[in-house]
>>> print(open('query16.txt').read())   # compact mmCIF, C-alpha atoms
# COMPACT_ATOMS: atom_id res chain seq x y z
CA MET K 1 -33.10 -30.91 -10.50
CA ASN K 2 -31.58 -27.61 -11.55
CA THR K 3 -28.46 -27.61 -13.69
CA LEU K 4 -25.48 -26.86 -11.47
CA PHE K 5 -22.34 -25.12 -12.69
CA TRP K 6 -19.38 -25.03 -10.30
CA LEU K 7 -16.75 -22.51 -11.37
CA ARG K 8 -13.44 -23.68 -9.91
CA ASP K 9 -10.42 -21.62 -8.98
CA GLU K 10 -7.49 -22.13 -11.37
CA VAL K 11 -4.27 -23.74 -10.15
CA LYS K 12 -1.98 -22.81 -13.06
CA VAL K 13 0.54 -20.21 -11.96
CA GLY K 14 -0.12 -16.85 -13.60
CA GLU K 15 -3.61 -17.77 -14.81
CA HIS K 16 -6.16 -14.97 -14.34
CA ARG K 17 -8.76 -15.84 -16.95
CA THR K 18 -12.12 -17.47 -16.46
CA ALA K 19 -14.59 -19.41 -18.58
CA LEU K 20 -17.55 -17.62 -16.96
CA THR K 21 -17.92 -13.90 -16.32
CA PRO K 22 -20.37 -12.44 -13.78
CA THR K 23 -22.58 -11.34 -16.68
CA GLY K 24 -22.59 -14.86 -18.05
CA ALA K 25 -23.32 -16.30 -14.61
CA LYS K 26 -26.40 -14.07 -14.35
CA SER K 27 -27.63 -15.39 -17.72
CA LEU K 28 -27.31 -18.96 -16.45
CA ILE K 29 -29.14 -18.15 -13.22
CA ASP K 30 -31.89 -16.38 -15.17
CA ALA K 31 -32.21 -19.59 -17.23
CA GLY K 32 -32.83 -21.60 -14.06
CA ALA K 33 -29.33 -22.86 -13.31
CA GLN K 34 -27.52 -22.79 -9.99
CA VAL K 35 -24.03 -21.28 -10.12
CA ILE K 36 -21.45 -21.83 -7.40
CA VAL K 37 -18.16 -19.93 -7.66
CA GLU K 38 -15.02 -20.82 -5.76
CA ARG K 39 -13.34 -17.92 -4.04
CA SER K 40 -10.24 -16.79 -5.90
CA THR K 41 -7.49 -14.23 -5.38
CA THR K 42 -6.26 -14.54 -8.97
CA ARG K 43 -9.40 -14.48 -11.15
CA ILE K 44 -9.73 -11.19 -13.07
CA PHE K 45 -13.30 -10.65 -11.81
CA PRO K 46 -13.72 -10.22 -8.03
CA ASP K 47 -15.76 -12.69 -6.02
CA GLN K 48 -18.25 -9.99 -5.07
CA ALA K 49 -19.15 -9.41 -8.72
CA TYR K 50 -20.46 -12.99 -8.85
CA VAL K 51 -22.31 -12.63 -5.53
CA ASP K 52 -23.98 -9.49 -6.86
CA VAL K 53 -25.63 -11.44 -9.68
CA GLY K 54 -26.86 -14.28 -7.47
CA CYS K 55 -24.00 -16.79 -7.34
CA GLU K 56 -23.07 -18.70 -4.21
CA LEU K 57 -19.45 -18.74 -3.06
CA ALA K 58 -17.46 -21.81 -2.03
CA ASP K 59 -13.93 -22.29 -0.78
CA GLY K 60 -11.19 -22.50 -3.38
CA HIS K 61 -10.49 -25.99 -4.74
CA SER K 62 -13.53 -27.46 -2.99
CA TRP K 63 -15.11 -28.78 -6.19
CA THR K 64 -14.19 -32.30 -5.11
CA GLU K 65 -17.12 -32.05 -2.66
CA ALA K 66 -19.59 -30.78 -5.27
CA PRO K 67 -22.78 -32.79 -5.89
CA ASP K 68 -22.28 -35.55 -8.43
CA HIS K 69 -24.46 -33.85 -11.06
CA ALA K 70 -22.42 -30.62 -11.06
CA TYR K 71 -20.59 -29.48 -14.15
CA ILE K 72 -17.13 -28.45 -12.94
CA LEU K 73 -16.17 -25.50 -15.10
CA GLY K 74 -12.60 -24.27 -15.51
CA LEU K 75 -9.96 -23.44 -18.09
CA LYS K 76 -6.57 -24.97 -17.51
CA GLU K 77 -5.30 -28.21 -16.01
CA LEU K 78 -6.34 -29.70 -12.69
CA ALA K 79 -3.87 -29.99 -9.85
CA ASP K 80 -1.65 -33.08 -9.97
CA ALA K 81 -3.22 -35.88 -7.92
CA ASP K 82 -4.24 -39.49 -8.28
CA PHE K 83 -7.76 -39.67 -6.87
CA ALA K 84 -10.59 -40.77 -9.16
CA LEU K 85 -12.70 -38.08 -10.86
CA LYS K 86 -16.46 -38.52 -10.80
CA HIS K 87 -17.76 -35.24 -12.22
CA GLN K 88 -18.23 -33.91 -15.71
CA HIS K 89 -15.41 -31.40 -16.15
CA ILE K 90 -15.51 -28.64 -18.76
CA TYR K 91 -11.96 -27.40 -19.40
CA PHE K 92 -8.88 -27.68 -21.64
CA ALA K 93 -7.58 -31.08 -20.58
CA HIS K 94 -4.85 -31.45 -23.23
CA ALA K 95 -5.29 -35.21 -23.02
CA PHE K 96 -6.86 -36.20 -26.35
CA LYS K 97 -3.78 -36.05 -28.58
CA GLY K 98 -1.41 -38.43 -26.83
CA GLN K 99 0.22 -35.76 -24.66
CA ASP K 100 2.68 -36.84 -21.98
CA GLU K 101 0.11 -36.83 -19.14
CA ALA K 102 -2.83 -38.08 -21.18
CA VAL K 103 -2.93 -41.61 -19.78
CA GLN K 104 -2.79 -40.43 -16.18
CA ILE K 105 -5.56 -37.86 -16.71
CA LEU K 106 -7.88 -40.17 -18.63
CA SER K 107 -7.33 -43.00 -16.17
CA ARG K 108 -8.51 -40.83 -13.28
CA PHE K 109 -11.77 -40.08 -15.09
CA ASN K 110 -12.21 -43.71 -16.07
CA ALA K 111 -11.74 -44.79 -12.45
CA GLY K 112 -14.32 -42.35 -11.13
CA GLY K 113 -16.87 -42.51 -13.91
CA GLY K 114 -16.48 -38.83 -14.75
CA GLN K 115 -16.07 -37.24 -18.18
CA ILE K 116 -14.03 -34.54 -19.86
CA LEU K 117 -16.06 -32.18 -22.00
CA ASP K 118 -12.98 -30.63 -23.52
CA LEU K 119 -13.26 -26.98 -24.55
CA GLU K 120 -10.83 -27.58 -27.41
CA PHE K 121 -13.21 -30.19 -28.84
CA LEU K 122 -16.49 -28.29 -28.69
CA GLN K 123 -17.38 -28.35 -32.37
CA ASP K 124 -20.36 -27.56 -34.56
CA GLU K 125 -21.77 -30.00 -37.08
CA LEU K 126 -19.11 -28.97 -39.61
CA GLY K 127 -16.25 -29.69 -37.21
CA LYS K 128 -15.49 -26.03 -36.50
CA ARG K 129 -14.60 -25.01 -32.95
CA VAL K 130 -17.31 -22.96 -31.31
CA CYS K 131 -15.11 -21.15 -28.79
CA ALA K 132 -11.42 -20.29 -28.75
CA PHE K 133 -8.91 -17.81 -27.31
CA GLY K 134 -7.08 -17.55 -30.63
CA TYR K 135 -7.50 -13.84 -31.28
CA TRP K 136 -5.99 -12.80 -27.95
CA ALA K 137 -3.25 -15.41 -28.20
CA GLY K 138 -2.17 -13.81 -31.46
CA TYR K 139 -2.52 -10.30 -30.05
CA VAL K 140 -0.43 -10.98 -26.94
CA GLY K 141 2.04 -13.18 -28.83
CA ALA K 142 2.71 -10.33 -31.22
CA ALA K 143 3.09 -7.92 -28.30
CA ILE K 144 5.62 -10.08 -26.45
CA GLY K 145 7.51 -10.73 -29.67
CA LEU K 146 7.72 -6.99 -30.35
CA SER K 147 8.87 -6.27 -26.79
CA GLY K 148 11.45 -9.02 -27.05
CA PHE K 149 12.78 -7.68 -30.32
CA ILE K 150 13.18 -4.18 -28.86
CA HIS K 151 14.75 -5.52 -25.68
CA HIS K 152 17.38 -7.63 -27.43
CA LEU K 153 18.10 -4.83 -29.88
CA GLN K 154 18.95 -2.51 -27.01
CA CYS K 155 20.14 -4.84 -24.25
CA LYS K 156 22.11 -8.05 -23.75
CA ASP K 157 20.32 -9.06 -20.55
CA ALA K 158 17.69 -11.79 -20.52
CA PHE K 159 14.14 -10.65 -21.24
CA GLY K 160 12.17 -10.37 -18.00
CA ALA K 161 8.89 -11.78 -16.79
CA VAL K 162 5.59 -10.66 -18.31
CA SER K 163 2.71 -9.83 -15.98
CA SER K 164 -0.99 -9.50 -16.66
CA TYR K 165 -2.47 -6.09 -17.40
CA PRO K 166 -5.84 -4.77 -16.22
CA ASP K 167 -6.91 -4.07 -19.81
CA ARG K 168 -5.65 -3.59 -23.35
CA GLU K 169 -5.24 0.19 -23.04
CA HIS K 170 -2.66 -0.19 -20.27
CA TYR K 171 -0.69 -2.72 -22.31
CA LEU K 172 -0.78 -0.57 -25.45
CA ALA K 173 0.57 2.39 -23.49
CA VAL K 174 3.55 0.31 -22.34
CA LEU K 175 4.18 -1.03 -25.83
CA GLY K 176 3.82 2.38 -27.42
CA ALA K 177 6.51 3.78 -25.15
CA GLN K 178 8.83 0.95 -26.20
CA VAL K 179 8.18 1.51 -29.90
CA ALA K 180 8.91 5.21 -29.46
CA THR K 181 12.54 4.35 -28.56
CA LEU K 182 13.18 2.80 -32.01
CA ALA K 183 14.91 4.72 -34.77
CA ASP K 184 13.24 2.47 -37.36
CA LYS K 185 10.21 0.27 -37.09
CA PRO K 186 10.84 -3.47 -37.50
CA LYS K 187 9.93 -5.49 -40.55
CA VAL K 188 7.30 -8.01 -39.46
CA LEU K 189 5.79 -11.18 -40.93
CA VAL K 190 2.68 -12.95 -39.60
CA ILE K 191 2.08 -16.49 -40.87
CA GLY K 192 -1.52 -17.64 -40.59
CA GLN K 193 -2.92 -14.19 -41.24
CA PHE K 194 -6.51 -15.30 -41.92
CA GLY K 195 -7.05 -17.27 -38.71
CA ARG K 196 -8.14 -15.91 -35.33
CA CYS K 197 -4.55 -15.78 -34.05
CA GLY K 198 -3.28 -14.08 -37.18
CA ARG K 199 -5.98 -11.41 -37.03
CA GLY K 200 -5.08 -10.67 -33.43
CA ALA K 201 -1.39 -10.34 -34.27
CA LEU K 202 -2.02 -8.06 -37.24
CA ASP K 203 -4.36 -5.87 -35.18
CA LEU K 204 -1.71 -5.41 -32.48
CA PHE K 205 0.87 -4.20 -34.97
CA ALA K 206 -1.66 -1.93 -36.70
CA GLU K 207 -2.64 -0.33 -33.38
CA LEU K 208 1.03 0.51 -32.82
CA GLY K 209 1.53 1.91 -36.33
CA ILE K 210 3.71 -0.98 -37.53
CA ASP K 211 3.10 -2.43 -40.97
CA ALA K 212 3.14 -6.23 -41.04
CA ASP K 213 3.13 -8.60 -43.99
CA GLY K 214 0.88 -11.64 -43.88
CA TRP K 215 1.22 -15.15 -45.24
CA ASP K 216 -1.28 -17.97 -45.22
CA ILE K 217 -1.93 -21.23 -47.07
CA GLU K 218 -1.26 -19.73 -50.49
CA GLU K 219 2.24 -18.62 -49.50
CA THR K 220 3.18 -21.82 -47.63
CA LYS K 221 1.50 -24.58 -49.65
CA ALA K 222 4.63 -25.22 -51.77
CA GLY K 223 6.48 -26.39 -48.66
CA GLY K 224 9.45 -24.93 -46.86
CA PRO K 225 11.80 -24.00 -45.42
CA PHE K 226 11.36 -20.42 -46.63
CA THR K 227 14.53 -18.37 -46.83
CA ALA K 228 12.39 -15.27 -47.51
CA ILE K 229 11.64 -15.25 -43.78
CA ASN K 230 15.28 -14.30 -43.22
CA ASP K 231 14.54 -10.81 -44.56
CA TYR K 232 12.28 -9.97 -41.61
CA ASP K 233 13.12 -8.79 -38.09
CA ILE K 234 10.14 -10.44 -36.37
CA LEU K 235 8.16 -13.55 -37.26
CA VAL K 236 4.84 -14.30 -35.56
CA ASN K 237 3.77 -17.86 -36.32
CA CYS K 238 0.00 -18.31 -36.03
CA ALA K 239 -0.36 -21.14 -38.53
CA TYR K 240 -2.69 -24.00 -37.72
CA LEU K 241 -0.57 -27.03 -36.92
CA ALA K 242 -1.77 -29.90 -39.10
CA GLU K 243 -0.24 -33.26 -39.82
CA GLY K 244 2.36 -32.92 -42.55
CA THR K 245 2.96 -29.20 -42.00
CA PRO K 246 6.31 -28.43 -43.67
CA PRO K 247 9.10 -26.65 -41.79
CA PHE K 248 8.98 -22.89 -42.15
CA ILE K 249 12.36 -22.45 -40.49
CA THR K 250 15.30 -24.74 -39.80
CA LYS K 251 18.76 -24.07 -38.48
CA GLU K 252 20.10 -24.59 -41.99
CA SER K 253 17.59 -22.28 -43.67
CA LEU K 254 18.46 -19.40 -41.35
CA GLY K 255 22.16 -19.59 -42.13
CA ASP K 256 24.90 -18.02 -40.08
CA SER K 257 23.67 -14.46 -39.53
CA PRO K 258 20.00 -13.93 -40.41
CA ARG K 259 18.31 -10.58 -40.07
CA LEU K 260 15.52 -12.39 -38.25
CA SER K 261 16.09 -12.12 -34.51
CA MET K 262 12.69 -12.67 -32.87
CA ILE K 263 10.16 -15.45 -33.39
CA SER K 264 6.88 -15.48 -31.51
CA ASP K 265 5.52 -19.01 -31.94
CA VAL K 266 1.90 -18.51 -30.97
CA SER K 267 1.04 -21.95 -32.33
CA CYS K 268 3.69 -23.40 -30.04
CA ASP K 269 3.91 -27.16 -30.03
CA PRO K 270 7.68 -27.63 -30.00
CA ASN K 271 7.67 -31.37 -29.40
CA ASN K 272 5.31 -32.14 -32.26
CA PRO K 273 7.15 -33.61 -35.26
CA ASP K 274 5.15 -31.29 -37.51
CA ASN K 275 6.11 -28.13 -35.65
CA PRO K 276 7.20 -25.74 -38.45
CA ILE K 277 9.58 -23.72 -36.24
CA ARG K 278 12.31 -26.31 -35.91
CA ILE K 279 14.93 -24.42 -33.96
CA TYR K 280 13.74 -24.90 -30.35
CA ASN K 281 12.28 -27.71 -28.26
CA GLN K 282 10.52 -26.33 -25.19
CA CYS K 283 7.56 -24.18 -24.27
CA THR K 284 8.32 -21.09 -22.22
CA LYS K 285 6.62 -19.53 -19.19
CA LEU K 286 5.49 -16.00 -18.49
CA ALA K 287 8.21 -15.84 -15.82
CA LYS K 288 10.72 -16.32 -18.65
CA PRO K 289 8.82 -16.02 -21.91
CA ILE K 290 11.74 -15.64 -24.32
CA ILE K 291 14.69 -17.96 -24.78
CA GLU K 292 17.52 -18.13 -27.27
CA SER K 293 16.89 -20.72 -29.97
CA ASP K 294 19.33 -23.25 -31.42
CA VAL K 295 20.54 -20.43 -33.67
CA SER K 296 22.68 -17.83 -31.92
CA GLY K 297 21.03 -14.43 -31.83
CA VAL K 298 17.56 -15.72 -32.75
CA TYR K 299 15.10 -15.67 -29.84
CA VAL K 300 11.80 -17.52 -29.40
CA GLN K 301 8.63 -16.81 -27.45
CA ALA K 302 6.54 -19.97 -26.86
CA VAL K 303 4.16 -19.41 -23.93
CA ASP K 304 1.10 -21.69 -24.06
CA HIS K 305 -1.38 -19.45 -22.22
CA LEU K 306 -0.72 -16.03 -23.73
CA PRO K 307 -4.25 -14.59 -23.38
CA THR K 308 -3.92 -14.45 -19.59
CA VAL K 309 -1.73 -11.36 -20.10
CA LEU K 310 -5.02 -9.62 -21.01
CA PRO K 311 -7.43 -11.61 -18.83
CA LYS K 312 -10.34 -9.17 -18.95
CA GLU K 313 -10.71 -8.95 -22.72
CA SER K 314 -9.81 -12.57 -23.39
CA SER K 315 -12.21 -13.87 -20.72
CA GLU K 316 -15.07 -11.70 -21.95
CA ASP K 317 -14.48 -12.84 -25.53
CA PHE K 318 -14.12 -16.55 -24.78
CA ALA K 319 -16.87 -16.74 -22.16
CA GLY K 320 -19.19 -14.92 -24.55
CA GLN K 321 -18.57 -17.60 -27.17
CA LEU K 322 -19.08 -20.41 -24.66
CA LEU K 323 -22.18 -19.05 -22.89
CA PRO K 324 -24.80 -20.02 -25.52
CA HIS K 325 -23.62 -23.61 -25.27
CA LEU K 326 -23.70 -23.61 -21.46
CA LEU K 327 -27.26 -22.36 -21.72
CA THR K 328 -28.19 -25.43 -23.78
CA LEU K 329 -27.14 -27.59 -20.82
CA CYS K 330 -29.87 -25.84 -18.81
CA GLN K 331 -32.40 -27.14 -21.34
CA GLY K 332 -31.20 -30.74 -21.45
CA ASP K 333 -28.67 -32.32 -23.76
CA ASP K 334 -29.16 -32.14 -27.51
CA PRO K 335 -28.20 -35.60 -28.84
CA ASN K 336 -26.87 -33.91 -31.96
CA GLY K 337 -25.27 -30.90 -30.28
CA VAL K 338 -21.78 -29.80 -29.29
CA TRP K 339 -21.86 -31.59 -25.92
CA ALA K 340 -22.80 -34.90 -27.50
CA ARG K 341 -19.87 -34.53 -29.88
CA ALA K 342 -17.63 -33.61 -26.92
CA ARG K 343 -18.64 -36.84 -25.19
CA ASP K 344 -17.82 -38.77 -28.34
CA PHE K 345 -14.34 -37.23 -28.39
CA TYR K 346 -13.88 -38.23 -24.77
CA ALA K 347 -14.99 -41.79 -25.45
CA THR K 348 -12.57 -42.03 -28.36
CA ALA K 349 -9.71 -40.75 -26.20
CA GLN K 350 -10.54 -43.25 -23.47
CA SER K 351 -10.65 -46.12 -25.95
CA SER K 352 -7.14 -45.22 -27.11
CA ILE K 353 -5.68 -46.11 -23.69
CA ASP K 354 -7.75 -49.22 -22.98
>>> encode(input="query16.txt", output="structure tokens")
Amino acid sequence: MNTLFWLRDEVKVGEHRTALTPTGAKSLIDAGAQVIVERSTTRIFPDQAYVDVGCELADGHSWTEAPDHAYILGLKELADADFALKHQHIYFAHAFKGQDEAVQILSRFNAGGGQILDLEFLQDELGKRVCAFGYWAGYVGAAIGLSGFIHHLQCKDAFGAVSSYPDREHYLAVLGAQVATLADKPKVLVIGQFGRCGRGALDLFAELGIDADGWDIEETKAGGPFTAINDYDILVNCAYLAEGTPPFITKESLGDSPRLSMISDVSCDPNNPDNPIRIYNQCTKLAKPIIESDVSGVYVQAVDHLPTVLPKESSEDFAGQLLPHLLTLCQGDDPNGVWARARDFYATAQSSID
């Protein structure tokens, strides 16, 4: 029986990315797999591009009728429902860390005998993630933070919705025009400079001719809050959120009138007790990406799917990282490989709700 991958249409509003590009689909087909792609009006790559490389098309959201052995491949959450789930789903489930909907999600898989092979928990033998969107999250987070800073410097109206762009060059042209309106370039700090997110953020500023300072473990290991942050105009937080992370910013540390006016919290996890940006308590949406924090005049960006603003580049990058591991599924499971470890993570998550 050939390995079957079923690429589902995404249901998250504003999501244009994909975990499988047409080029990647061709590689799977060449390796002997069958690839079925749901029709989509939002995916960055057109349906015909998949047909051209040998994929079959299916109606959107029809994966529920897929053969039992199909791997259902996606990115973001499934639609809210209560029917049992029988397939193996490859996606970001956000259900392994005690999130609000974790019990409901895991219970559906338990009832149907399916499994979550969570993209966040695909790890090599050293525990390092094998695929991530981090670079483009940092890049776009820095871009929105910069746009927000310029907007609130020049205007008292709420910052508007952010749409996806066809490619990076279009976005850079828009941002460059905004930067050109400034008399002075902002002073910028990126925390987590050596991670994927931090590199993306620093690259964005460099491409726009803006110098940015970088902090990482060495600068934050003593514990915060850090009043030195108050001397910057823009903070982009890309730090890895680990248990015991100290606060970088609190309402008290900012004082009454800080210079800092824009925080882009790329690592956004506002309801986590270890969240280091402790002046807001909600994620934002691309329809309204920037909100005022608990400190008057200090604004926060906290969108949790930033890379969809640049769906072409982010999809090509992520899908390229994932593809070698999808190809291993065409050859049969490696009992010591990333998918075996993913199944172990799923089993552990299920046991936590039993």
>>> atom_distance(input="query16.txt", atom1="atom CA of K:Tyr232", atom2="atom CA of K:Asp304")
23.9 Å
>>> residues_around(input="query16.txt", residues="K:Glu218", least_positions_apart="6", cutoff="12 Å", atoms="only C-alpha atoms", output="list in words")
Ile191, Gly192, Gln193 and Phe194 of chain K
>>> residues_around(input="query16.txt", residues="K:Ile291", least_positions_apart="5", cutoff="7 Å", atoms="all atoms listed in the file", output="number ranges by chain")
K: 299-301
>>> residues_around(input="query16.txt", residues="K:Leu146", least_positions_apart="5", cutoff="9 Å", atoms="all atoms listed in the file", output="ChimeraX atom specification")
/K:141,151,175,179,186,205,234,262,264
>>> residues_near_point(input="query16.txt", point="(12.4, -5.9, -41.9)", cutoff="12 Å", atoms="all atoms listed in the file", output="PyMOL selection string")
chain K and resi 149+184-189+210-213+228-235+258-262
>>> residues_around(input="query16.txt", residues="K:Phe121", least_positions_apart="4", cutoff="12 Å", atoms="all atoms listed in the file", output="PyMOL selection string")
chain K and resi 90-97+116-117+125+127-132+338-346+348-349
>>> residues_around(input="query16.txt", residues="K:Arg108", least_positions_apart="5", cutoff="7 Å", atoms="only C-alpha atoms", output="MDAnalysis selection string")
chainID K and resid 82:85
>>> closest_residue(input="query16.txt", among="K:Asp317, K:Asp334, K:Asp265, K:Glu10", to="K:Gly74", atoms="only C-alpha atoms")
K:Glu10
>>> atom_distance(input="query16.txt", atom1="atom CA of K:Ser163", atom2="atom CA of K:Ile36")
28.3 Å
>>> residues_near_point(input="query16.txt", point="(17.0, -26.1, -41.9)", cutoff="10 Å", atoms="all atoms listed in the file", output="mmCIF file with C-alpha atoms, keeping the file's coordinate frame")
data_model
loop_
_atom_site.group_PDB
_atom_site.id
_atom_site.type_symbol
_atom_site.label_atom_id
_atom_site.label_comp_id
_atom_site.auth_asym_id
_atom_site.auth_seq_id
_atom_site.Cartn_x
_atom_site.Cartn_y
_atom_site.Cartn_z
ATOM 1 C CA GLY K 224 9.450 -24.930 -46.860
ATOM 2 C CA PRO K 225 11.800 -24.000 -45.420
ATOM 3 C CA PHE K 226 11.360 -20.420 -46.630
ATOM 4 C CA THR K 227 14.530 -18.370 -46.830
ATOM 5 C CA PRO K 247 9.100 -26.650 -41.790
ATOM 6 C CA PHE K 248 8.980 -22.890 -42.150
ATOM 7 C CA ILE K 249 12.360 -22.450 -40.490
ATOM 8 C CA THR K 250 15.300 -24.740 -39.800
ATOM 9 C CA LYS K 251 18.760 -24.070 -38.480
ATOM 10 C CA GLU K 252 20.100 -24.590 -41.990
ATOM 11 C CA SER K 253 17.590 -22.280 -43.670
ATOM 12 C CA LEU K 254 18.460 -19.400 -41.350
ATOM 13 C CA GLY K 255 22.160 -19.590 -42.130
ATOM 14 C CA ILE K 277 9.580 -23.720 -36.240
ATOM 15 C CA ARG K 278 12.310 -26.310 -35.910
ATOM 16 C CA ILE K 279 14.930 -24.420 -33.960
#
>>> atom_distance(input="query16.txt", atom1="atom CA of K:Arg17", atom2="atom CA of K:Glu292")
28.3 Å
>>> closest_residue(input="query16.txt", among="K:Ala142, K:Ile105, K:Leu182, K:Cys238", to="K:Gly198", atoms="only C-alpha atoms")
K:Cys238
>>> closest_residue(input="query16.txt", among="K:Ala143, K:Leu4, K:Ala177, K:Ala161", to="K:Leu202", atoms="only C-alpha atoms")
K:Ala143
>>> closest_residue(input="query16.txt", among="K:Phe133, K:Tyr139, K:Tyr280, K:Tyr71", to="K:Gly114", atoms="all atoms listed in the file")
K:Tyr71
>>> closest_residue(input="query16.txt", among="K:Glu56, K:Asp167, K:Glu15, K:Asp124", to="K:Glu316", atoms="all atoms listed in the file")
K:Asp167
>>> closest_residue(input="query16.txt", among="K:Arg199, K:His325, K:His152, K:Lys312", to="K:Gly134", atoms="only C-alpha atoms")
K:Arg199
